[in-house]
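First comes the structure, then the notes that go with it.
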Amino acid sequence: MFEADEETLKSQGAHITTHEIKQQPDLWEDTLGIYDKNRKVIDEFVEAARKLGGDRRTRVVFTGAGTSEYVGNTLVPYLRRKGDNDAFVFLSLASTDIVAAPEDYLRADDPTLLVSFARSGNSPESLAAVERAGQVCKDIRFLNITCAPEGRLAVESADRDDALTILIPRANDQGFAMTGSFSCMELLAALIFDTSSRDEKGAWVSTAAELGRDVIAREDEVKALLASDFDRITYLGSGSLNALTKEAQLKILELTHGLIATSYDSSMGYRHGPKSFVNDRTLVFVFVSNDPYTRQYDVDILDEIAADGIAQHVVAVQQKADLMFGGESITLGGALLPEAYLALPFVLLAQTVSLNTSIKVGNTPDTPSPTGTVNRVVKGVTIHPFQA
């Protein structure tokens with residue numbers, strides 16, 4: 001797909017999505033530049049949020065719907081290790097949960113920074129989550145990470161003293177599925193809240209971009225894994241990479257319009273029932289952690305499922321390290337990346353699997369819902385009045 005000419009891609013209904021997946025390594029480098037350009041105002045805003053609760057830690061609530069929710073899910077385990085946990089409590093809550101049951105998830109007296117992730121900023125839940133959080137929480141600030149300058153989230157927050165909006169306009173995917181918007185929003189938030197040095201973060205972004213380009217160049221390896229007659233795919237991982245599995249499986253579900261069954265779980269949790277999903281028409285992908293302790297559990301489940309001899313393919317997605325899975329793998333080189341940055345090339349690989357699977361089942365990745373009942377921007381949502 002990445003080497004196909006534009007005419008071929010258009011005939012397959014895939015030219016938008018293919019381009020948006022392929023451009024991500026460049027976008028990650030752009031996102032680092034956006035962070036650097038806005039670093040002073042970001043640092044000032046985060047410092048104000050840090051002081052919001054006085055002696056109490058401020059709750060940093062990452063929110064979004066669907067793929068935008070999975071941005072926060074992926075970040076939180078990493079930030080519980082590498083964020084400022086003396087000042088912040090990091091949480092990820094779906095905007096759909098906040099809107100539907102705000103007082104189940106937010107507390108009036110908790111100092112809160114609501115970090116909204118939104119590709120367009122026009123979905124009803126994006127706007128309503130900001131409104132409901134403002135109604136429930138007494139001391140609250142709003143950080144918007146979005147890709148559409150003209151979106152309502154960005155426009156309606158522009159003149160607010162309690163809000164800061166950081167835009168990633170080149171990541172405003174026009175295809176149905178969120179690809180670059182997911183990875184760039186995840187990266188920007190990691191850069192903002194990761195307490196590692198700027199030099200370390202810069203080096204990790206450069207390595208992630210290098211690995212992303214390697215994934216693109218090795219598309220044929222991915223296609224070879226998809227050549228067999230399969231109808232199920234499962235993704236497994238640990239920590240932040242466990243959270244990433246939900247986004248990986250959603251891309252399959254979206255781009256094949258449900259024609260391929262999907263599952264996801266943690267590497268350790270999969271044995272506790274969900275492993276029943278595996279049959280002789282299943283592909284299993286495991287995102288292997290670079291943490292030496294955690295990596296053991298990822299390799300254990302790979303060894304176990306491979307030894308069962310049931311799944312068509314059991315594939316490690318891994319970097320070269322001391323402990324490696326000896327079976328089928330897509331192995332990337334480069335300096336070992338921490339999870340929030342490793343998620344970038346790993347999700348690009350999952351998107352590549354989804355793109356090629358969509359074509360395999362005869363779907364059109366740019367417009368995968370033949371009935372039009374699932375849309376790029378959610379429609380038909382009623383936001384009911386609420387009073388705290």
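Each chain in the structure tokens gets a letter, A, B and so on, in the order shown; residues start at 1 in every chain, and ligands are counted from 1 in the order they appear.
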
Item checked: Within 12 Å of Val155 of chain A using only C-alpha atoms, minus same-chain residues under 5 positions, as number ranges by chain -> A: 120-122, 127, 144, 146-150, 160, 163-167

Dump of N, CA and C atoms for the selected residues, as a PDB file, in the first residue's frame:
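What landed in out-v5.pdb:
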```
ATOM      1  N   SER A 120     -11.172  16.403  15.863  1.00  0.00           N
ATOM      2  CA  SER A 120     -11.881  17.557  15.289  1.00  0.00           C
ATOM      3  C   SER A 120     -12.327  18.556  16.344  1.00  0.00           C
ATOM      4  N   GLY A 121     -12.600  18.076  17.546  1.00  0.00           N
ATOM      5  CA  GLY A 121     -13.152  18.955  18.567  1.00  0.00           C
ATOM      6  C   GLY A 121     -14.611  19.296  18.340  1.00  0.00           C
ATOM      7  N   ASN A 122     -15.263  18.558  17.456  1.00  0.00           N
ATOM      8  CA  ASN A 122     -16.664  18.833  17.138  1.00  0.00           C
ATOM      9  C   ASN A 122     -17.626  17.762  17.640  1.00  0.00           C
ATOM     10  N   LEU A 127     -17.279  18.536  23.810  1.00  0.00           N
ATOM     11  CA  LEU A 127     -17.740  19.813  24.344  1.00  0.00           C
ATOM     12  C   LEU A 127     -18.476  19.628  25.660  1.00  0.00           C
ATOM     13  N   ASN A 144      -6.521  21.627  26.174  1.00  0.00           N
ATOM     14  CA  ASN A 144      -7.063  20.976  24.993  1.00  0.00           C
ATOM     15  C   ASN A 144      -5.934  20.637  24.028  1.00  0.00           C
ATOM     16  N   THR A 146      -5.739  19.182  20.421  1.00  0.00           N
ATOM     17  CA  THR A 146      -6.642  18.895  19.317  1.00  0.00           C
ATOM     18  C   THR A 146      -5.959  19.209  17.989  1.00  0.00           C
ATOM     19  N   CYS A 147      -6.566  18.738  16.913  1.00  0.00           N
ATOM     20  CA  CYS A 147      -5.918  18.831  15.602  1.00  0.00           C
ATOM     21  C   CYS A 147      -6.613  19.802  14.661  1.00  0.00           C
ATOM     22  N   ALA A 148      -7.749  20.344  15.036  1.00  0.00           N
ATOM     23  CA  ALA A 148      -8.539  21.182  14.132  1.00  0.00           C
ATOM     24  C   ALA A 148      -8.644  22.607  14.669  1.00  0.00           C
ATOM     25  N   PRO A 149      -7.936  23.554  14.068  1.00  0.00           N
ATOM     26  CA  PRO A 149      -8.025  24.944  14.530  1.00  0.00           C
ATOM     27  C   PRO A 149      -9.434  25.507  14.472  1.00  0.00           C
ATOM     28  N   GLU A 150     -10.235  25.015  13.495  1.00  0.00           N
ATOM     29  CA  GLU A 150     -11.595  25.530  13.339  1.00  0.00           C
ATOM     30  C   GLU A 150     -12.617  24.738  14.141  1.00  0.00           C
ATOM     31  N   ARG A 160     -10.797  31.887  26.869  1.00  0.00           N
ATOM     32  CA  ARG A 160     -10.963  31.520  28.277  1.00  0.00           C
ATOM     33  C   ARG A 160      -9.640  31.640  29.011  1.00  0.00           C
ATOM     34  N   ALA A 163      -8.184  28.127  30.230  1.00  0.00           N
ATOM     35  CA  ALA A 163      -7.964  27.082  29.223  1.00  0.00           C
ATOM     36  C   ALA A 163      -6.748  27.391  28.364  1.00  0.00           C
ATOM     37  N   LEU A 164      -6.094  26.329  27.913  1.00  0.00           N
ATOM     38  CA  LEU A 164      -4.998  26.435  26.954  1.00  0.00           C
ATOM     39  C   LEU A 164      -5.231  25.378  25.880  1.00  0.00           C
ATOM     40  N   THR A 165      -5.141  25.792  24.630  1.00  0.00           N
ATOM     41  CA  THR A 165      -5.308  24.866  23.514  1.00  0.00           C
ATOM     42  C   THR A 165      -4.002  24.781  22.728  1.00  0.00           C
ATOM     43  N   ILE A 166      -3.519  23.557  22.517  1.00  0.00           N
ATOM     44  CA  ILE A 166      -2.345  23.321  21.695  1.00  0.00           C
ATOM     45  C   ILE A 166      -2.799  22.527  20.473  1.00  0.00           C
ATOM     46  N   LEU A 167      -2.495  23.041  19.299  1.00  0.00           N
ATOM     47  CA  LEU A 167      -2.978  22.466  18.046  1.00  0.00           C
ATOM     48  C   LEU A 167      -1.893  21.655  17.328  1.00  0.00           C
TER      49      LEU A 167
END
```

Next item on the list: Determine, counting only C-alpha atoms, which protein, DNA and RNA residues have an atom within 9 Å of an atom of Thr331 of chain A; residues of the same chain fewer than 3 positions away are not included. Present the result as a PyMOL selection string.
Entry: chain A and resi 316-320

Next item on the list: Compare A:Leu191, A:Ala335, A:Leu283, A:Leu250 by their minimum atom-to-atom distance to Val222 of chain A, counting only C-alpha atoms, and give me the closest one.
Entry: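 Of A:Leu191, A:Ala335, A:Leu283, A:Leu250, the one nearest Val222 of chain A, counting only C-alpha atoms, is A:Leu283.
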
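Proximity ranking of A:Ala65, A:Val353, A:Ile252, A:Ile42 relative to Leu143 of chain A places A:Ile42 first, based on only C-alpha atoms.
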
Notebook entry, point to check: What are the DSSP helix (DSSP H, G or I) residues of segment 72-225 of chain A, as a ChimeraX atom specification?
Noted result: /A:72-82,95-100,102-105,124-136,152-157,169-171,180-193,198-217,219-225

Quick one: contact table of segment 125-225 of chain A to segment 229-249 of chain A, 10 Å max, nearest atom pair and distance in Å to one decimal per residue, counting only C-alpha atoms, chain and number order, as CSV?
```
residue,atom,partner,partner_atom,distance
A:Met178,CA,A:Glu247,CA,9.7
A:Thr179,CA,A:Glu247,CA,9.8
A:Phe182,CA,A:Glu247,CA,9.0
A:Leu225,CA,A:Phe230,CA,9.9
```

Checklist line | Nearby residues (only C-alpha atoms) at most 9 Å from Ala209 of chain A, same-chain spacing under 2 positions excluded, as a list in words | finding: Gln24, Pro25, Asp26, Leu27, Trp28, Glu29, Trp204, Val205, Ser206, Thr207, Leu211, Gly212, Arg213, Asp214, Leu344 and Pro345 of chain A
